[in-house]
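Novice: Just passing along the structure, written as structure tokens.
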Amino acid sequence: MSSNFGHIFRISTWGESHGAGVGVVIDGCPAGVPVSREAIQAELDRRRPGQSDIVTPRSEEDRVEILSGVLDGLSLGTPIALSVRNKDHRSSAYDEMQHTYRPSHADYCYDAKYGRRAWAGGGRASARETIGRVAAGAVAGAVLSALCPELEIIAWVQRVHRISCGVAPADVKRDVVEGNIVRCADPAVAERMAAAIREARAAGDSLGGIVACTIRRCPVGLGDPVFDKLEATLAHAMMSIPACKGFDLGSGFDAPDYRGSEHNDPYCIKDGRVRTLTNRSGGVQGGISNGEDINMRLAFKPTATLMIEQRTVNDRGEEVTLRGKGRHDPCVLPRAVPVVEAMARLVLCDHLLRQRCCRL
């Protein structure tokens, strides 16, 4: 069950990093939604490896194939199966890891849980699993476009290590984000971030940072009390992304800096509807969207695979050292941006379909 996500719009991802392929099965997509291979491919191209000199050089085209659930460009209402073949996997680079646990990877935990693991490339623990999420997110985006065409989701790299981008969420523009290899909202800051990533890679090291995401013109009323609050399901979605170690929404971890009189969002009437004067709640109150922009931040750890010697142990209980091998991102953030957007689409699509069942 750990590979499933969602309630009405439900996905199941499958495949290992160095297996024959990876993909996703989508259940609950309404019939009649325009679904094109080209639109799905466009999102996968944003996620794929080898797109610049600051990401992994693994050469994968990640060409998607629609196996079921779509006819003449429209969804049938039946399960949609999407598949991507693995072509450039080099499992021999991981021979040493067959019995040795890589620091900060899932190797030991998988062995402890299942008694066996797909050691080449990390198997299901690899970020290659996110292909299914991004492909499904593209389909969810088609549903959102049909039901809520004004909604907009934009993610960007806000920070790499100690280099931060100060562009306010309301001012972030997609063409600027997609116009640089880091996917930062400020091109000048992006150059500094790229230089830092290159420097870390040259040293055999890695960097982490923060991906921010804003959801604009979200309908009011999405989210269920008590356990499926909108921020709770967003947090669940984002924290399930490989390497994500933190999530906050609105004022988040800055909230303790305020008094209640400073932090509250006073209501007002603007443009004929209920609005808030501030948006420290981040677009969600009581677990339900209030119509303001939903602003999130996600903290990503530095990539765990390092090209330097590290202490570890093997499956015989011996202390050993290990130097990373294979092809890896020195910083996951540029390729995490489309994954964050995909997970946001999946959450909103599911909640929007659930909301249609809530009232006449």
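To be explicit about the labels: the chains of the structure tokens are called A, B, and onward in the order shown, and within each one the residues are counted from 1, while ligands get numbers from 1 in the order they are shown.
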Determine, counting only C-alpha atoms, which protein, DNA and RNA residues have an atom within 12 Å of an atom of A:Leu333; residues of the same chain fewer than 6 positions away are not included. Present the result as an MDAnalysis selection string.

Specialist: chainID A and resid 47 54:56 127 155:161 181:184 190 193:194 197 206:212 241:244 298:303 339:340

Novice: For the selection you just gave me, I'd like the residues written to a file as an mmCIF file, in the first residue's frame, keeping N, CA and C atoms.

Specialist:
data_model
loop_
_atom_site.group_PDB
_atom_site.id
_atom_site.type_symbol
_atom_site.label_atom_id
_atom_site.label_comp_id
_atom_site.auth_asym_id
_atom_site.auth_seq_id
_atom_site.Cartn_x
_atom_site.Cartn_y
_atom_site.Cartn_z
ATOM 1 N N ARG A 47 11.812 17.079 -15.757
ATOM 2 C CA ARG A 47 12.340 16.277 -14.659
ATOM 3 C C ARG A 47 13.530 15.418 -15.057
ATOM 4 N N ILE A 54 24.626 20.745 -14.201
ATOM 5 C CA ILE A 54 24.539 20.725 -12.739
ATOM 6 C C ILE A 54 23.616 19.614 -12.242
ATOM 7 N N VAL A 55 23.232 18.695 -13.145
ATOM 8 C CA VAL A 55 22.420 17.555 -12.733
ATOM 9 C C VAL A 55 23.125 16.272 -13.160
ATOM 10 N N THR A 56 22.566 15.127 -12.775
ATOM 11 C CA THR A 56 23.163 13.851 -13.132
ATOM 12 C C THR A 56 23.285 13.706 -14.653
ATOM 13 N N ALA A 127 15.216 8.492 -6.720
ATOM 14 C CA ALA A 127 14.380 9.588 -7.202
ATOM 15 C C ALA A 127 13.784 9.281 -8.574
ATOM 16 N N ALA A 155 6.367 26.361 -8.861
ATOM 17 C CA ALA A 155 7.421 26.082 -7.881
ATOM 18 C C ALA A 155 8.736 26.626 -8.415
ATOM 19 N N TRP A 156 9.667 26.945 -7.511
ATOM 20 C CA TRP A 156 10.967 27.463 -7.916
ATOM 21 C C TRP A 156 11.985 27.197 -6.808
ATOM 22 N N VAL A 157 13.250 27.267 -7.175
ATOM 23 C CA VAL A 157 14.324 27.098 -6.200
ATOM 24 C C VAL A 157 14.534 28.432 -5.488
ATOM 25 N N GLN A 158 14.217 28.453 -4.216
ATOM 26 C CA GLN A 158 14.329 29.680 -3.431
ATOM 27 C C GLN A 158 15.695 29.803 -2.755
ATOM 28 N N ARG A 159 16.325 28.662 -2.500
ATOM 29 C CA ARG A 159 17.614 28.701 -1.797
ATOM 30 C C ARG A 159 18.437 27.476 -2.162
ATOM 31 N N VAL A 160 19.726 27.688 -2.388
ATOM 32 C CA VAL A 160 20.709 26.611 -2.519
ATOM 33 C C VAL A 160 21.782 26.859 -1.478
ATOM 34 N N HIS A 161 21.912 25.937 -0.526
ATOM 35 C CA HIS A 161 22.856 26.090 0.580
ATOM 36 C C HIS A 161 22.586 27.423 1.280
ATOM 37 N N ILE A 181 18.929 27.184 -15.617
ATOM 38 C CA ILE A 181 19.094 25.760 -15.325
ATOM 39 C C ILE A 181 18.842 25.414 -13.864
ATOM 40 N N VAL A 182 18.889 26.411 -12.976
ATOM 41 C CA VAL A 182 18.636 26.142 -11.560
ATOM 42 C C VAL A 182 17.144 26.140 -11.257
ATOM 43 N N ARG A 183 16.355 26.821 -12.091
ATOM 44 C CA ARG A 183 14.928 27.068 -11.870
ATOM 45 C C ARG A 183 14.718 27.984 -10.660
ATOM 46 N N CYS A 184 15.499 29.047 -10.638
ATOM 47 C CA CYS A 184 15.382 30.086 -9.623
ATOM 48 C C CYS A 184 14.567 31.231 -10.207
ATOM 49 N N ALA A 190 20.415 32.885 -9.721
ATOM 50 C CA ALA A 190 20.556 31.551 -10.317
ATOM 51 C C ALA A 190 21.998 31.289 -10.734
ATOM 52 N N MET A 193 23.931 30.405 -7.677
ATOM 53 C CA MET A 193 23.562 29.066 -7.232
ATOM 54 C C MET A 193 24.229 27.999 -8.101
ATOM 55 N N ALA A 194 24.208 28.204 -9.410
ATOM 56 C CA ALA A 194 24.811 27.231 -10.326
ATOM 57 C C ALA A 194 26.308 27.105 -10.072
ATOM 58 N N ILE A 197 26.850 24.984 -7.002
ATOM 59 C CA ILE A 197 26.597 23.566 -7.277
ATOM 60 C C ILE A 197 27.779 22.957 -8.019
ATOM 61 N N SER A 206 27.987 17.759 -2.147
ATOM 62 C CA SER A 206 26.640 18.063 -2.620
ATOM 63 C C SER A 206 26.042 19.186 -1.788
ATOM 64 N N LEU A 207 24.938 19.757 -2.277
ATOM 65 C CA LEU A 207 24.263 20.860 -1.597
ATOM 66 C C LEU A 207 22.765 20.602 -1.513
ATOM 67 N N GLY A 208 22.142 21.132 -0.458
ATOM 68 C CA GLY A 208 20.695 21.110 -0.312
ATOM 69 C C GLY A 208 20.129 22.510 -0.451
ATOM 70 N N GLY A 209 18.875 22.683 -0.083
ATOM 71 C CA GLY A 209 18.262 24.000 -0.193
ATOM 72 C C GLY A 209 16.767 23.952 -0.006
ATOM 73 N N ILE A 210 16.085 24.949 -0.544
ATOM 74 C CA ILE A 210 14.636 25.093 -0.365
ATOM 75 C C ILE A 210 13.964 25.293 -1.718
ATOM 76 N N VAL A 211 12.899 24.541 -1.951
ATOM 77 C CA VAL A 211 12.004 24.770 -3.079
ATOM 78 C C VAL A 211 10.738 25.408 -2.528
ATOM 79 N N ALA A 212 10.336 26.526 -3.102
ATOM 80 C CA ALA A 212 9.088 27.186 -2.721
ATOM 81 C C ALA A 212 8.037 26.909 -3.785
ATOM 82 N N ILE A 241 8.374 13.087 -1.128
ATOM 83 C CA ILE A 241 9.349 13.260 -2.206
ATOM 84 C C ILE A 241 10.737 12.904 -1.682
ATOM 85 N N PRO A 242 11.506 12.100 -2.413
ATOM 86 C CA PRO A 242 12.848 11.760 -1.947
ATOM 87 C C PRO A 242 13.675 13.004 -1.626
ATOM 88 N N ALA A 243 14.377 12.968 -0.503
ATOM 89 C CA ALA A 243 15.297 14.027 -0.029
ATOM 90 C C ALA A 243 14.592 15.197 0.622
ATOM 91 N N CYS A 244 13.247 15.220 0.640
ATOM 92 C CA CYS A 244 12.543 16.309 1.315
ATOM 93 C C CYS A 244 12.545 16.053 2.827
ATOM 94 N N LEU A 298 9.675 23.904 0.973
ATOM 95 C CA LEU A 298 10.128 22.534 1.216
ATOM 96 C C LEU A 298 11.643 22.532 1.350
ATOM 97 N N ALA A 299 12.131 21.958 2.428
ATOM 98 C CA ALA A 299 13.571 21.849 2.640
ATOM 99 C C ALA A 299 14.064 20.511 2.098
ATOM 100 N N PHE A 300 15.104 20.562 1.264
ATOM 101 C CA PHE A 300 15.703 19.352 0.705
ATOM 102 C C PHE A 300 17.127 19.203 1.229
ATOM 103 N N LYS A 301 17.448 17.991 1.643
ATOM 104 C CA LYS A 301 18.787 17.726 2.157
ATOM 105 C C LYS A 301 19.795 17.674 1.005
ATOM 106 N N PRO A 302 21.095 17.808 1.299
ATOM 107 C CA PRO A 302 22.111 17.579 0.271
ATOM 108 C C PRO A 302 22.036 16.134 -0.222
ATOM 109 N N THR A 303 22.327 15.926 -1.493
ATOM 110 C CA THR A 303 22.351 14.582 -2.058
ATOM 111 C C THR A 303 23.248 13.683 -1.219
ATOM 112 N N VAL A 339 8.602 17.988 -9.753
ATOM 113 C CA VAL A 339 8.024 16.966 -8.871
ATOM 114 C C VAL A 339 7.121 17.637 -7.832
ATOM 115 N N VAL A 340 7.570 18.751 -7.276
ATOM 116 C CA VAL A 340 6.758 19.499 -6.309
ATOM 117 C C VAL A 340 5.457 19.966 -6.958
#

Novice: Tell me, as a PDB file with N, CA, C and O atoms, in the first residue's frame, which residues lie within 9 Å of A:Ile288, counting only C-alpha atoms; anything in the same chain fewer than 2 positions away does not count.

Specialist:
ATOM      1  N   VAL A 220     -12.107  28.296  -3.084  1.00  0.00           N
ATOM      2  CA  VAL A 220     -12.382  28.243  -1.651  1.00  0.00           C
ATOM      3  C   VAL A 220     -13.060  26.918  -1.325  1.00  0.00           C
ATOM      4  O   VAL A 220     -13.882  26.416  -2.101  1.00  0.00           O
ATOM      5  N   GLY A 221     -12.702  26.321  -0.189  1.00  0.00           N
ATOM      6  CA  GLY A 221     -13.429  25.156   0.303  1.00  0.00           C
ATOM      7  C   GLY A 221     -12.745  23.818   0.131  1.00  0.00           C
ATOM      8  O   GLY A 221     -13.314  22.792   0.517  1.00  0.00           O
ATOM      9  N   LEU A 222     -11.521  23.795  -0.408  1.00  0.00           N
ATOM     10  CA  LEU A 222     -10.840  22.516  -0.585  1.00  0.00           C
ATOM     11  C   LEU A 222     -10.159  22.109   0.722  1.00  0.00           C
ATOM     12  O   LEU A 222      -9.514  22.920   1.376  1.00  0.00           O
ATOM     13  N   GLY A 223     -10.271  20.844   1.076  1.00  0.00           N
ATOM     14  CA  GLY A 223      -9.696  20.336   2.318  1.00  0.00           C
ATOM     15  C   GLY A 223     -10.782  19.805   3.230  1.00  0.00           C
ATOM     16  O   GLY A 223     -11.892  20.326   3.261  1.00  0.00           O
ATOM     17  N   ASP A 224     -10.467  18.735   3.929  1.00  0.00           N
ATOM     18  CA  ASP A 224     -11.448  18.092   4.813  1.00  0.00           C
ATOM     19  C   ASP A 224     -10.979  18.153   6.259  1.00  0.00           C
ATOM     20  O   ASP A 224      -9.863  17.767   6.571  1.00  0.00           O
ATOM     21  N   PRO A 225     -11.830  18.599   7.182  1.00  0.00           N
ATOM     22  CA  PRO A 225     -11.514  18.447   8.598  1.00  0.00           C
ATOM     23  C   PRO A 225     -11.616  16.964   8.922  1.00  0.00           C
ATOM     24  O   PRO A 225     -12.434  16.284   8.304  1.00  0.00           O
ATOM     25  N   LYS A 229      -6.959  17.658   6.377  1.00  0.00           N
ATOM     26  CA  LYS A 229      -6.831  19.085   6.124  1.00  0.00           C
ATOM     27  C   LYS A 229      -5.956  19.311   4.894  1.00  0.00           C
ATOM     28  O   LYS A 229      -5.059  18.515   4.607  1.00  0.00           O
ATOM     29  N   LEU A 230      -6.219  20.395   4.182  1.00  0.00           N
ATOM     30  CA  LEU A 230      -5.474  20.631   2.948  1.00  0.00           C
ATOM     31  C   LEU A 230      -3.980  20.718   3.206  1.00  0.00           C
ATOM     32  O   LEU A 230      -3.177  20.137   2.466  1.00  0.00           O
ATOM     33  N   GLU A 231      -3.575  21.428   4.273  1.00  0.00           N
ATOM     34  CA  GLU A 231      -2.141  21.511   4.539  1.00  0.00           C
ATOM     35  C   GLU A 231      -1.571  20.172   4.982  1.00  0.00           C
ATOM     36  O   GLU A 231      -0.388  19.879   4.756  1.00  0.00           O
ATOM     37  N   GLY A 283      -3.080  30.752   2.796  1.00  0.00           N
ATOM     38  CA  GLY A 283      -4.170  30.322   1.932  1.00  0.00           C
ATOM     39  C   GLY A 283      -5.006  29.192   2.482  1.00  0.00           C
ATOM     40  O   GLY A 283      -5.922  28.715   1.811  1.00  0.00           O
ATOM     41  N   VAL A 284      -4.730  28.764   3.721  1.00  0.00           N
ATOM     42  CA  VAL A 284      -5.477  27.658   4.330  1.00  0.00           C
ATOM     43  C   VAL A 284      -5.812  28.029   5.771  1.00  0.00           C
ATOM     44  O   VAL A 284      -4.925  28.427   6.537  1.00  0.00           O
ATOM     45  N   GLN A 285      -7.081  27.893   6.136  1.00  0.00           N
ATOM     46  CA  GLN A 285      -7.518  28.119   7.519  1.00  0.00           C
ATOM     47  C   GLN A 285      -8.493  27.012   7.911  1.00  0.00           C
ATOM     48  O   GLN A 285      -9.399  26.678   7.154  1.00  0.00           O
ATOM     49  N   GLY A 286      -8.265  26.436   9.078  1.00  0.00           N
ATOM     50  CA  GLY A 286      -9.093  25.314   9.497  1.00  0.00           C
ATOM     51  C   GLY A 286      -8.936  24.104   8.611  1.00  0.00           C
ATOM     52  O   GLY A 286      -9.823  23.248   8.559  1.00  0.00           O
ATOM     53  N   ASN A 290      -8.917  29.135   1.634  1.00  0.00           N
ATOM     54  CA  ASN A 290      -9.743  30.338   1.815  1.00  0.00           C
ATOM     55  C   ASN A 290      -9.727  31.268   0.604  1.00  0.00           C
ATOM     56  O   ASN A 290     -10.251  32.376   0.663  1.00  0.00           O
TER      57      ASN A 290
END

Novice: Hey, which bits of stretch 206-257 of chain A sit within 10 Å of stretch 144-148 of chain A, and for each residue what's the closest pair of atoms and how far apart in Å (one decimal), counting only C-alpha atoms, rows by chain and increasing number, as JSON lines?

Specialist:
{"residue": "A:Arg217", "atom": "CA", "partner": "A:Cys148", "partner_atom": "CA", "distance": 9.0}
{"residue": "A:Cys218", "atom": "CA", "partner": "A:Cys148", "partner_atom": "CA", "distance": 8.2}
{"residue": "A:Pro219", "atom": "CA", "partner": "A:Cys148", "partner_atom": "CA", "distance": 7.8}

Novice: Can I get the selection written as a PDB file, in the first residue's frame, with all heavy atoms?

Specialist:
ATOM      1  N   ARG A 217      -5.096  31.423  -7.157  1.00  0.00           N
ATOM      2  CA  ARG A 217      -6.508  31.322  -7.538  1.00  0.00           C
ATOM      3  C   ARG A 217      -7.085  29.931  -7.262  1.00  0.00           C
ATOM      4  O   ARG A 217      -7.830  29.375  -8.069  1.00  0.00           O
ATOM      5  CB  ARG A 217      -6.701  31.728  -9.001  1.00  0.00           C
ATOM      6  CG  ARG A 217      -6.352  33.196  -9.258  1.00  0.00           C
ATOM      7  CD  ARG A 217      -6.423  33.557 -10.721  1.00  0.00           C
ATOM      8  NE  ARG A 217      -5.385  32.893 -11.507  1.00  0.00           N
ATOM      9  CZ  ARG A 217      -4.123  33.300 -11.594  1.00  0.00           C
ATOM     10  NH1 ARG A 217      -3.722  34.370 -10.930  1.00  0.00           N
ATOM     11  NH2 ARG A 217      -3.256  32.651 -12.339  1.00  0.00           N
ATOM     12  N   CYS A 218      -6.724  29.393  -6.106  1.00  0.00           N
ATOM     13  CA  CYS A 218      -7.285  28.114  -5.672  1.00  0.00           C
ATOM     14  C   CYS A 218      -8.735  28.333  -5.227  1.00  0.00           C
ATOM     15  O   CYS A 218      -9.022  29.312  -4.523  1.00  0.00           O
ATOM     16  CB  CYS A 218      -6.462  27.549  -4.514  1.00  0.00           C
ATOM     17  SG  CYS A 218      -7.082  25.973  -3.866  1.00  0.00           S
ATOM     18  N   PRO A 219      -9.649  27.471  -5.590  1.00  0.00           N
ATOM     19  CA  PRO A 219     -11.035  27.634  -5.137  1.00  0.00           C
ATOM     20  C   PRO A 219     -11.134  27.586  -3.620  1.00  0.00           C
ATOM     21  O   PRO A 219     -10.343  26.917  -2.952  1.00  0.00           O
ATOM     22  CB  PRO A 219     -11.751  26.425  -5.760  1.00  0.00           C
ATOM     23  CG  PRO A 219     -10.876  25.963  -6.859  1.00  0.00           C
ATOM     24  CD  PRO A 219      -9.473  26.290  -6.454  1.00  0.00           C
TER      25      PRO A 219
END

Novice: Tell me, which residues of stretch 26-215 of chain A carry DSSP alpha helix (DSSP H), written as a ChimeraX atom specification?

Specialist: /A:37-47,107-114,130-147,174-177,187-202

Novice: Just the residues within 9 Å of A:Gly15, please, counting only C-alpha atoms, with nothing from its chain fewer than 4 positions along; format it as a list in words.

Specialist: Gly19, Ala20, Gly21, Val22, Gly23, Val24, Gly123, Arg124, Arg128 and Glu129 of chain A

Novice: Tell me, which residues of stretch 5-205 of chain A carry DSSP strand (DSSP E or B), written as JSON, numbers by chain?

Specialist: {"A": [5, 10, 11, 12, 13, 14, 15, 21, 22, 23, 24, 25, 26, 27, 34, 64, 65, 66, 67, 68, 70, 71, 74, 75, 80, 81, 82, 83, 84, 85, 100, 152, 153, 154, 155, 156, 157, 158, 159, 160, 163, 164, 184]}

Novice: Kindly indicate which residue among A:Met307, A:Ile26, A:Leu352, A:Ile40 lies nearest to A:Ala200, using only C-alpha atoms for the distances.

Specialist: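 Under the stated criterion, the closest residue is A:Met307.
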
Novice: Rank A:Ala255, A:Ala120, A:Leu348, A:Ala342 by their smallest atom-to-atom distance to A:Glu96, using only C-alpha atoms, and report the top residue only.

Specialist: A:Ala120

Novice: Applying 12 Å and only C-alpha atoms, which residues near A:Arg116 remain after dropping the ones on its own chain fewer than 6 positions away? List them as JSON, numbers by chain.

Specialist: {"A": [98, 99, 106, 107, 108, 109, 110, 122, 123, 315]}

Novice: Since we have the selection now, will you write its residues out, keeping N, CA and C atoms, as a PDB file, in the first residue's frame?

Specialist:
ATOM      1  N   GLN A  98      26.183  -3.810  -3.097  1.00  0.00           N
ATOM      2  CA  GLN A  98      25.325  -4.972  -2.904  1.00  0.00           C
ATOM      3  C   GLN A  98      25.340  -5.437  -1.453  1.00  0.00           C
ATOM      4  N   HIS A  99      26.468  -5.245  -0.784  1.00  0.00           N
ATOM      5  CA  HIS A  99      26.578  -5.684   0.604  1.00  0.00           C
ATOM      6  C   HIS A  99      26.956  -4.550   1.559  1.00  0.00           C
ATOM      7  N   ALA A 106      18.629   4.549   1.942  1.00  0.00           N
ATOM      8  CA  ALA A 106      17.622   3.642   2.505  1.00  0.00           C
ATOM      9  C   ALA A 106      18.084   2.193   2.551  1.00  0.00           C
ATOM     10  N   ASP A 107      19.348   1.917   2.186  1.00  0.00           N
ATOM     11  CA  ASP A 107      19.830   0.541   2.047  1.00  0.00           C
ATOM     12  C   ASP A 107      19.595  -0.304   3.300  1.00  0.00           C
ATOM     13  N   TYR A 108      20.096   0.158   4.426  1.00  0.00           N
ATOM     14  CA  TYR A 108      19.959  -0.615   5.669  1.00  0.00           C
ATOM     15  C   TYR A 108      18.498  -0.765   6.055  1.00  0.00           C
ATOM     16  N   CYS A 109      17.719   0.292   5.940  1.00  0.00           N
ATOM     17  CA  CYS A 109      16.306   0.248   6.351  1.00  0.00           C
ATOM     18  C   CYS A 109      15.502  -0.721   5.493  1.00  0.00           C
ATOM     19  N   TYR A 110      15.790  -0.751   4.181  1.00  0.00           N
ATOM     20  CA  TYR A 110      15.097  -1.704   3.307  1.00  0.00           C
ATOM     21  C   TYR A 110      15.457  -3.144   3.687  1.00  0.00           C
ATOM     22  N   GLY A 122      19.414   1.963  -5.924  1.00  0.00           N
ATOM     23  CA  GLY A 122      18.504   2.274  -4.829  1.00  0.00           C
ATOM     24  C   GLY A 122      17.094   1.749  -5.004  1.00  0.00           C
ATOM     25  N   GLY A 123      16.792   1.138  -6.160  1.00  0.00           N
ATOM     26  CA  GLY A 123      15.461   0.551  -6.355  1.00  0.00           C
ATOM     27  C   GLY A 123      14.347   1.571  -6.239  1.00  0.00           C
ATOM     28  N   ASP A 315      26.595  -5.588   5.319  1.00  0.00           N
ATOM     29  CA  ASP A 315      25.544  -6.462   5.841  1.00  0.00           C
ATOM     30  C   ASP A 315      26.093  -7.635   6.658  1.00  0.00           C
TER      31      ASP A 315
END

Novice: Leaving out A:Lys87 and any residue of its chain fewer than 6 positions from it, which residues lie within 9 Å of it when counting only C-alpha atoms, given as a ChimeraX atom specification?

Specialist: /A:18,20-21,59-62

Novice: Which is closest to A:Tyr101 among A:Gln41, A:Ser240, A:Asn314, A:Thr276, if we use only C-alpha atoms?

Specialist: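 Ranked by minimum distance to A:Tyr101, first place goes to A:Asn314.
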
Novice: Rounded to one decimal, what separation in Å do you get between atom CA of A:Glu309 and atom CA of A:Pro334?

Specialist: 26.0 Å

Novice: Kindly indicate which residue among A:Ala135, A:Ile154, A:Ala142, A:Ile8 lies nearest to A:Ala344, using only C-alpha atoms for the distances.

Specialist: A:Ile154

Novice: Using Å and a single decimal, report how far atom CA of A:Val35 sits from atom CA of A:Gly69.

Specialist: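 Between atom CA of A:Gly69 and atom CA of A:Val35 the gap works out to 9.6 Å.
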
Novice: Rank nothing, just name the residue among A:Gly204, A:Met238, A:Asp257, A:Thr214 nearest to A:Cys331, using only C-alpha atoms.

Specialist: A:Gly204

Novice: So that I can check the surroundings of A:Cys268, please list as a PDB file with N, CA, C and O atoms, in the first residue's frame every protein, DNA and RNA residue that reaches within 12 Å of it, counting only C-alpha atoms and ignoring chain neighbours fewer than 6 positions away.

Specialist:
ATOM      1  N   VAL A 274     -15.071  37.724  -0.047  1.00  0.00           N
ATOM      2  CA  VAL A 274     -14.328  37.705   1.213  1.00  0.00           C
ATOM      3  C   VAL A 274     -12.850  37.471   0.940  1.00  0.00           C
ATOM      4  O   VAL A 274     -12.476  36.535   0.231  1.00  0.00           O
ATOM      5  N   ARG A 275     -12.013  38.361   1.485  1.00  0.00           N
ATOM      6  CA  ARG A 275     -10.567  38.239   1.349  1.00  0.00           C
ATOM      7  C   ARG A 275      -9.933  38.422   2.728  1.00  0.00           C
ATOM      8  O   ARG A 275     -10.612  38.698   3.718  1.00  0.00           O
ATOM      9  N   THR A 276      -8.608  38.277   2.807  1.00  0.00           N
ATOM     10  CA  THR A 276      -7.891  38.595   4.033  1.00  0.00           C
ATOM     11  C   THR A 276      -6.898  39.712   3.730  1.00  0.00           C
ATOM     12  O   THR A 276      -6.347  39.786   2.623  1.00  0.00           O
ATOM     13  N   LEU A 277      -6.687  40.587   4.722  1.00  0.00           N
ATOM     14  CA  LEU A 277      -5.769  41.710   4.538  1.00  0.00           C
ATOM     15  C   LEU A 277      -4.325  41.238   4.448  1.00  0.00           C
ATOM     16  O   LEU A 277      -3.509  41.811   3.729  1.00  0.00           O
ATOM     17  N   THR A 278      -3.989  40.212   5.209  1.00  0.00           N
ATOM     18  CA  THR A 278      -2.672  39.589   5.140  1.00  0.00           C
ATOM     19  C   THR A 278      -2.874  38.131   4.759  1.00  0.00           C
ATOM     20  O   THR A 278      -4.018  37.673   4.624  1.00  0.00           O
TER      21      THR A 278
END

Novice: Could you check how far atom CA of A:Met343 sits from atom CA of A:Asp228, in Å to one decimal?

Specialist: 15.4 Å

Novice: Excluding A:Gly77 and any residue of its chain fewer than 6 positions from it, enumerate the residues within 12 Å of it, using only C-alpha atoms, and give them as a PDB file with C-alpha atoms, in the first residue's frame.

Specialist:
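Saved to result-v5.pdb:
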ATOM      1  CA  ILE A   8     -10.753   9.647  -5.546  1.00  0.00           C
ATOM      2  CA  PHE A   9      -7.950  10.559  -7.956  1.00  0.00           C
ATOM      3  CA  ILE A  26      -4.080   6.346 -12.316  1.00  0.00           C
ATOM      4  CA  ASP A  27      -7.531   5.400 -11.100  1.00  0.00           C
ATOM      5  CA  GLY A  28     -10.459   7.777 -10.677  1.00  0.00           C
ATOM      6  CA  CYS A  29      -9.732  10.159 -13.531  1.00  0.00           C
ATOM      7  CA  PRO A  30     -13.094  11.407 -14.879  1.00  0.00           C
ATOM      8  CA  ALA A  31     -14.007  10.451 -18.432  1.00  0.00           C
ATOM      9  CA  GLY A  32     -13.678  13.002 -21.212  1.00  0.00           C
ATOM     10  CA  VAL A  33     -10.552  14.772 -19.938  1.00  0.00           C
ATOM     11  CA  PRO A  34      -8.060  15.682 -22.695  1.00  0.00           C
ATOM     12  CA  VAL A  35      -4.947  13.553 -22.110  1.00  0.00           C
ATOM     13  CA  SER A  68      -4.557   2.199 -21.285  1.00  0.00           C
ATOM     14  CA  GLY A  69      -7.419   4.463 -20.282  1.00  0.00           C
ATOM     15  CA  VAL A  70      -7.203   6.965 -23.164  1.00  0.00           C
ATOM     16  CA  LEU A  71      -8.918   6.853 -26.567  1.00  0.00           C
ATOM     17  CA  VAL A 143      -8.389  17.630 -14.860  1.00  0.00           C
TER      18      VAL A 143
END

Novice: Find, counting only C-alpha atoms, the residue in A:Val25, A:Ile269, A:Val64, A:Ala185 that gets nearest to A:Pro169.

Specialist: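 Smallest distance to A:Pro169 is found for A:Ala185.
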